[in-house]
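**Q** As input, take work_25.txt (compact mmCIF, C-alpha atoms):
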```
# COMPACT_ATOMS: atom_id res chain seq x y z
CA MET G 1 42.73 23.87 -3.09
CA ARG G 2 40.96 26.97 -1.82
CA PRO G 3 38.17 26.47 0.78
CA GLU G 4 35.49 28.18 -1.34
CA ARG G 5 36.29 25.87 -4.24
CA ILE G 6 35.94 22.79 -1.99
CA THR G 7 32.56 24.10 -0.81
CA VAL G 8 31.31 24.55 -4.40
CA ILE G 9 32.49 21.04 -5.37
CA ALA G 10 30.82 19.57 -2.28
CA MET G 11 27.55 21.37 -3.03
CA LEU G 12 27.60 20.20 -6.66
CA SER G 13 28.27 16.63 -5.52
CA VAL G 14 25.28 16.70 -3.19
CA PHE G 15 23.10 18.19 -5.95
CA PHE G 16 24.02 15.49 -8.49
CA LEU G 17 23.60 12.72 -5.92
CA ALA G 18 20.13 14.06 -5.14
CA LEU G 19 19.27 14.10 -8.86
CA ALA G 20 20.50 10.52 -9.24
CA GLY G 21 18.43 9.45 -6.26
CA LEU G 22 15.33 11.14 -7.69
CA ALA G 23 15.86 9.37 -11.00
CA ILE G 24 16.11 6.00 -9.25
CA VAL G 25 12.96 6.68 -7.20
CA GLN G 26 11.03 7.58 -10.37
CA LEU G 27 12.19 4.39 -12.10
CA VAL G 28 10.79 2.15 -9.36
CA SER G 29 6.99 2.01 -9.08
CA PRO G 30 5.12 1.20 -5.85
CA GLN G 31 4.13 -2.12 -7.44
CA GLU G 32 7.77 -3.01 -8.10
CA VAL G 33 8.71 -2.15 -4.53
CA ALA G 34 5.83 -4.30 -3.22
CA GLN G 35 6.84 -7.21 -5.44
CA ALA G 36 10.39 -6.92 -4.14
CA VAL G 37 9.14 -7.39 -0.58
CA ALA G 38 6.62 -10.06 -1.69
CA ILE G 39 3.27 -8.86 -0.33
CA GLY G 40 0.86 -11.79 -0.11
CA GLY G 41 1.38 -15.49 0.21
CA PRO G 42 -0.08 -18.70 1.56
CA PHE G 43 -2.45 -18.75 4.51
CA HIS G 44 -4.77 -21.30 6.14
CA LEU G 45 -7.75 -19.88 8.02
CA VAL G 46 -11.50 -20.42 8.44
CA ASP G 47 -14.22 -18.27 6.92
CA ASP G 48 -17.08 -16.66 8.82
CA ARG G 49 -19.17 -19.80 8.37
CA GLY G 50 -16.50 -21.99 9.95
CA ASN G 51 -15.24 -23.54 6.70
CA PRO G 52 -11.50 -23.99 6.09
CA VAL G 53 -10.17 -21.48 3.59
CA SER G 54 -6.76 -20.76 2.08
CA ASP G 55 -5.15 -18.37 -0.37
CA ALA G 56 -5.75 -21.01 -3.06
CA ASP G 57 -9.52 -20.54 -2.63
CA LEU G 58 -9.19 -16.93 -3.78
CA ARG G 59 -7.47 -17.78 -7.06
CA GLY G 60 -9.34 -17.10 -10.30
CA LYS G 61 -10.72 -13.72 -9.16
CA PRO G 62 -8.96 -10.53 -8.11
CA SER G 63 -9.12 -10.00 -4.35
CA VAL G 64 -9.70 -6.95 -2.18
CA ILE G 65 -8.19 -7.80 1.24
CA TYR G 66 -8.27 -5.83 4.47
CA PHE G 67 -6.83 -6.71 7.89
CA GLY G 68 -8.51 -5.39 11.03
CA TYR G 69 -10.75 -6.49 13.90
CA THR G 70 -14.40 -6.30 14.89
CA PHE G 71 -13.84 -4.34 18.12
CA CYS G 72 -12.09 -1.58 16.15
CA PRO G 73 -13.77 1.71 17.11
CA GLU G 74 -13.31 3.70 13.90
CA ILE G 75 -10.85 2.69 11.16
CA CYS G 76 -12.23 -0.80 10.44
CA PRO G 77 -15.92 0.09 10.28
CA THR G 78 -15.06 3.13 8.15
CA THR G 79 -13.00 1.01 5.75
CA LEU G 80 -15.64 -1.71 5.50
CA SER G 81 -18.30 0.96 4.90
CA ASP G 82 -16.12 2.31 2.10
CA MET G 83 -15.75 -1.23 0.74
CA ALA G 84 -19.53 -1.67 0.80
CA GLY G 85 -19.80 1.59 -1.16
CA TRP G 86 -17.33 0.33 -3.78
CA ILE G 87 -19.33 -2.88 -4.08
CA LYS G 88 -22.51 -0.91 -4.68
CA ASP G 89 -20.81 1.30 -7.28
CA LEU G 90 -19.33 -1.71 -9.08
CA GLY G 91 -22.79 -3.21 -9.54
CA ARG G 92 -22.69 -6.65 -11.15
CA ASP G 93 -18.91 -6.40 -11.51
CA ALA G 94 -18.65 -6.78 -7.73
CA ASP G 95 -19.34 -10.51 -8.23
CA LYS G 96 -16.04 -10.75 -10.13
CA PHE G 97 -14.02 -9.96 -6.96
CA ASN G 98 -13.24 -11.61 -3.65
CA PHE G 99 -13.82 -9.13 -0.81
CA VAL G 100 -12.08 -10.33 2.35
CA PHE G 101 -11.74 -9.03 5.92
CA ILE G 102 -9.05 -10.89 7.91
CA THR G 103 -8.87 -10.42 11.67
CA VAL G 104 -5.76 -9.52 13.61
CA ASP G 105 -7.66 -10.27 16.85
CA PRO G 106 -8.57 -13.99 16.73
CA GLN G 107 -9.00 -14.12 20.50
CA ARG G 108 -12.28 -12.22 20.21
CA ASP G 109 -13.09 -12.61 16.51
CA THR G 110 -14.55 -16.08 16.23
CA ALA G 111 -16.17 -17.21 12.98
CA LYS G 112 -19.60 -16.40 14.47
CA VAL G 113 -18.54 -12.89 15.50
CA MET G 114 -16.94 -12.29 12.11
CA HIS G 115 -20.08 -13.47 10.29
CA SER G 116 -22.33 -11.10 12.21
CA TYR G 117 -19.89 -8.23 11.68
CA VAL G 118 -19.28 -8.52 7.94
CA ALA G 119 -22.97 -9.21 7.28
CA SER G 120 -23.76 -5.74 8.63
CA PHE G 121 -21.79 -4.18 5.75
CA ASP G 122 -22.38 -6.23 2.57
CA PRO G 123 -22.94 -9.94 1.82
CA HIS G 124 -20.04 -9.88 -0.68
CA ILE G 125 -17.57 -9.41 2.17
CA ARG G 126 -16.22 -12.59 3.77
CA GLY G 127 -14.60 -12.66 7.19
CA PHE G 128 -11.56 -14.87 7.85
CA THR G 129 -10.24 -15.89 11.26
CA GLY G 130 -8.22 -18.72 12.76
CA SER G 131 -5.79 -19.49 15.55
CA PRO G 132 -3.39 -16.76 16.71
CA ASP G 133 -0.56 -18.50 14.84
CA GLU G 134 -2.63 -18.76 11.65
CA THR G 135 -3.81 -15.15 11.63
CA THR G 136 -0.30 -13.92 12.50
CA ALA G 137 1.13 -15.92 9.60
CA ALA G 138 -1.44 -14.38 7.23
CA ALA G 139 -0.69 -10.86 8.48
CA HIS G 140 3.05 -11.41 8.12
CA ALA G 141 2.56 -12.72 4.56
CA TYR G 142 0.91 -9.40 3.66
CA LYS G 143 3.45 -7.34 5.62
CA VAL G 144 0.66 -6.11 7.89
CA TYR G 145 1.70 -4.39 11.10
CA PHE G 146 -0.38 -5.13 14.21
CA GLN G 147 0.16 -4.87 17.94
CA ARG G 148 -1.99 -5.40 21.00
CA VAL G 149 -2.42 -2.20 23.05
CA PRO G 150 -3.56 -2.63 26.69
CA LEU G 151 -6.38 -0.38 27.86
CA GLN G 152 -7.50 0.48 31.39
CA GLY G 153 -8.89 -2.56 33.12
CA ALA G 154 -8.63 -5.88 31.31
CA GLY G 155 -9.47 -4.54 27.85
CA TYR G 156 -7.23 -3.99 24.87
CA ALA G 157 -7.22 -2.52 21.38
CA MET G 158 -5.27 -3.56 18.29
CA ASP G 159 -3.04 -1.09 16.52
CA HIS G 160 -2.74 -2.17 12.86
CA SER G 161 -2.05 -1.24 9.25
CA THR G 162 -4.91 0.44 7.40
CA SER G 163 -4.34 -0.27 3.69
CA VAL G 164 -6.63 -2.39 1.54
CA TYR G 165 -4.61 -4.80 -0.60
CA LEU G 166 -5.50 -5.43 -4.24
CA MET G 167 -4.36 -8.83 -5.50
CA ASP G 168 -4.78 -10.31 -8.98
CA GLY G 169 -6.44 -13.63 -9.75
CA LYS G 170 -3.12 -15.45 -9.30
CA GLY G 171 -2.61 -14.03 -5.82
CA ALA G 172 0.03 -11.45 -6.79
CA TYR G 173 0.02 -7.97 -5.29
CA VAL G 174 -1.05 -5.22 -7.72
CA ASP G 175 -1.84 -2.08 -5.72
CA ARG G 176 -3.33 -0.77 -2.49
CA ILE G 177 -6.11 1.58 -1.47
CA ALA G 178 -5.18 3.92 1.37
CA TYR G 179 -7.44 4.61 4.34
CA GLN G 180 -10.25 6.94 3.21
CA GLU G 181 -8.77 7.31 -0.25
CA ASP G 182 -10.95 9.29 -2.64
CA GLU G 183 -13.81 7.11 -3.88
CA LYS G 184 -13.12 7.85 -7.56
CA SER G 185 -9.48 6.89 -7.11
CA ALA G 186 -10.42 3.66 -5.31
CA LEU G 187 -12.92 2.67 -8.00
CA LYS G 188 -10.40 3.44 -10.74
CA LYS G 189 -7.94 1.05 -9.09
CA LEU G 190 -10.61 -1.65 -8.71
CA ARG G 191 -11.68 -1.40 -12.36
CA ALA G 192 -8.03 -1.44 -13.47
CA LEU G 193 -7.51 -4.58 -11.39
CA LEU G 194 -10.50 -6.20 -13.05
CA ASP G 195 -9.40 -5.18 -16.55
CA ALA G 196 -5.87 -6.48 -16.00
CA ASP G 197 -6.95 -9.86 -14.67
```
How does the structure come out when it is put into structure tokens?
**A**
Amino acid sequence: MRPERITVIAMLSVFFLALAGLAIVQLVSPQEVAQAVAIGGPFHLVDDRGNPVSDADLRGKPSVIYFGYTFCPEICPTTLSDMAGWIKDLGRDADKFNFVFITVDPQRDTAKVMHSYVASFDPHIRGFTGSPDETTAAAHAYKVYFQRVPLQGAGYAMDHSTSVYLMDGKGAYVDRIAYQEDEKSALKKLRALLDAD
């Protein structure tokens, strides 16, 4: 077979493989991918008033869940400010959701610290903490990345995922809101979550 013919056949093969791959990608939604990796699951923590709380306590209402930490310099306060804005825009419908902030830094984020922090944003938002093993288990259940990053001196920061997770009233993953996603887009997802529940 002539070399130029082999080249044409190879190029056509690559083209059709790319088309097949595109078709497969379009057939699988982000929700289906998330369900395949099972985002969400059981956890046992304490709320910002020191009361035991688990994933079962969130059932019956859709949940808006974010993982971060109170010493976060920018991303967490920005996200919780956005969440407070969504709550305001939802009006009375905000009462139909669970809004939850789960720490990835339990060493510093005690229930008392969490309570003071979330209260500065909106009373709808509840803060969850626990032992390092408990908060790690919760983060792993939601496929949340986090890592301690040493700073100069004895301090440290926490590198972590930035998505807000949207779960239905049965605790199943539905969608996510990206960091600083357009407000209209975020509210559309929240209302869709409410309508579907």
**Q** Hey, which of G:Asp82, G:Asp95, G:Asp105, G:Asp175 ends up closest to His160 in chain G? Count only C-alpha atoms.
**A**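 Closest residue, counting only C-alpha atoms: G:Asp105.
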**Q** G:Gly68, G:Lys61, G:Ala178, G:Arg49: which is nearest Thr136 in chain G, counting only C-alpha atoms?
**A**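 With only C-alpha atoms as the atom set, the closest residue is G:Gly68.
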**Q** So what do you get for CA of Val118 in chain G versus CA of Phe71 in chain G, distance-wise?
**A**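 Spanning CA of Val118 in chain G to CA of Phe71 in chain G is a straight-line distance of 12.3 Å.
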**Q** Between CA of Arg126 in chain G and CA of Val100 in chain G, what is the distance in Å, rounded to a tenth?
**A**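 Straight-line distance from CA of Arg126 in chain G to CA of Val100 in chain G works out to 4.9 Å.
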**Q** Give me, as a list in words, all polymer residues having an atom no more than 9 Å from Arg59 in chain G, counting only C-alpha atoms and skipping those fewer than 5 positions away in the same chain.
**A**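 Within the cut-off, the hits are Asp168, Gly169, Lys170 and Gly171 of chain G.
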**Q** Any idea what's packed within 9 Å of Val144 in chain G, counting all atoms listed in the file, ignoring anything in its chain fewer than 2 positions away? Could you give it as a compact mmCIF listing (two decimals) with C-alpha atoms, in the frame of the given file?
**A**
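File result-v3.txt, as written:
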```txt
# COMPACT_ATOMS: atom_id res chain seq x y z
CA PHE G 67 -6.83 -6.71 7.89
CA ALA G 138 -1.44 -14.38 7.23
CA ALA G 139 -0.69 -10.86 8.48
CA HIS G 140 3.05 -11.41 8.12
CA ALA G 141 2.56 -12.72 4.56
CA TYR G 142 0.91 -9.40 3.66
CA PHE G 146 -0.38 -5.13 14.21
CA HIS G 160 -2.74 -2.17 12.86
CA SER G 161 -2.05 -1.24 9.25
CA THR G 162 -4.91 0.44 7.40
CA SER G 163 -4.34 -0.27 3.69
```
**Q** With only C-alpha atoms as the basis for distance, which of G:Arg148, G:Val174, G:Phe101, G:Met83 is at the shortest distance from Ala192 in chain G?
**A**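 Residue with the minimum atom-to-atom distance to Ala192 in chain G: G:Val174.
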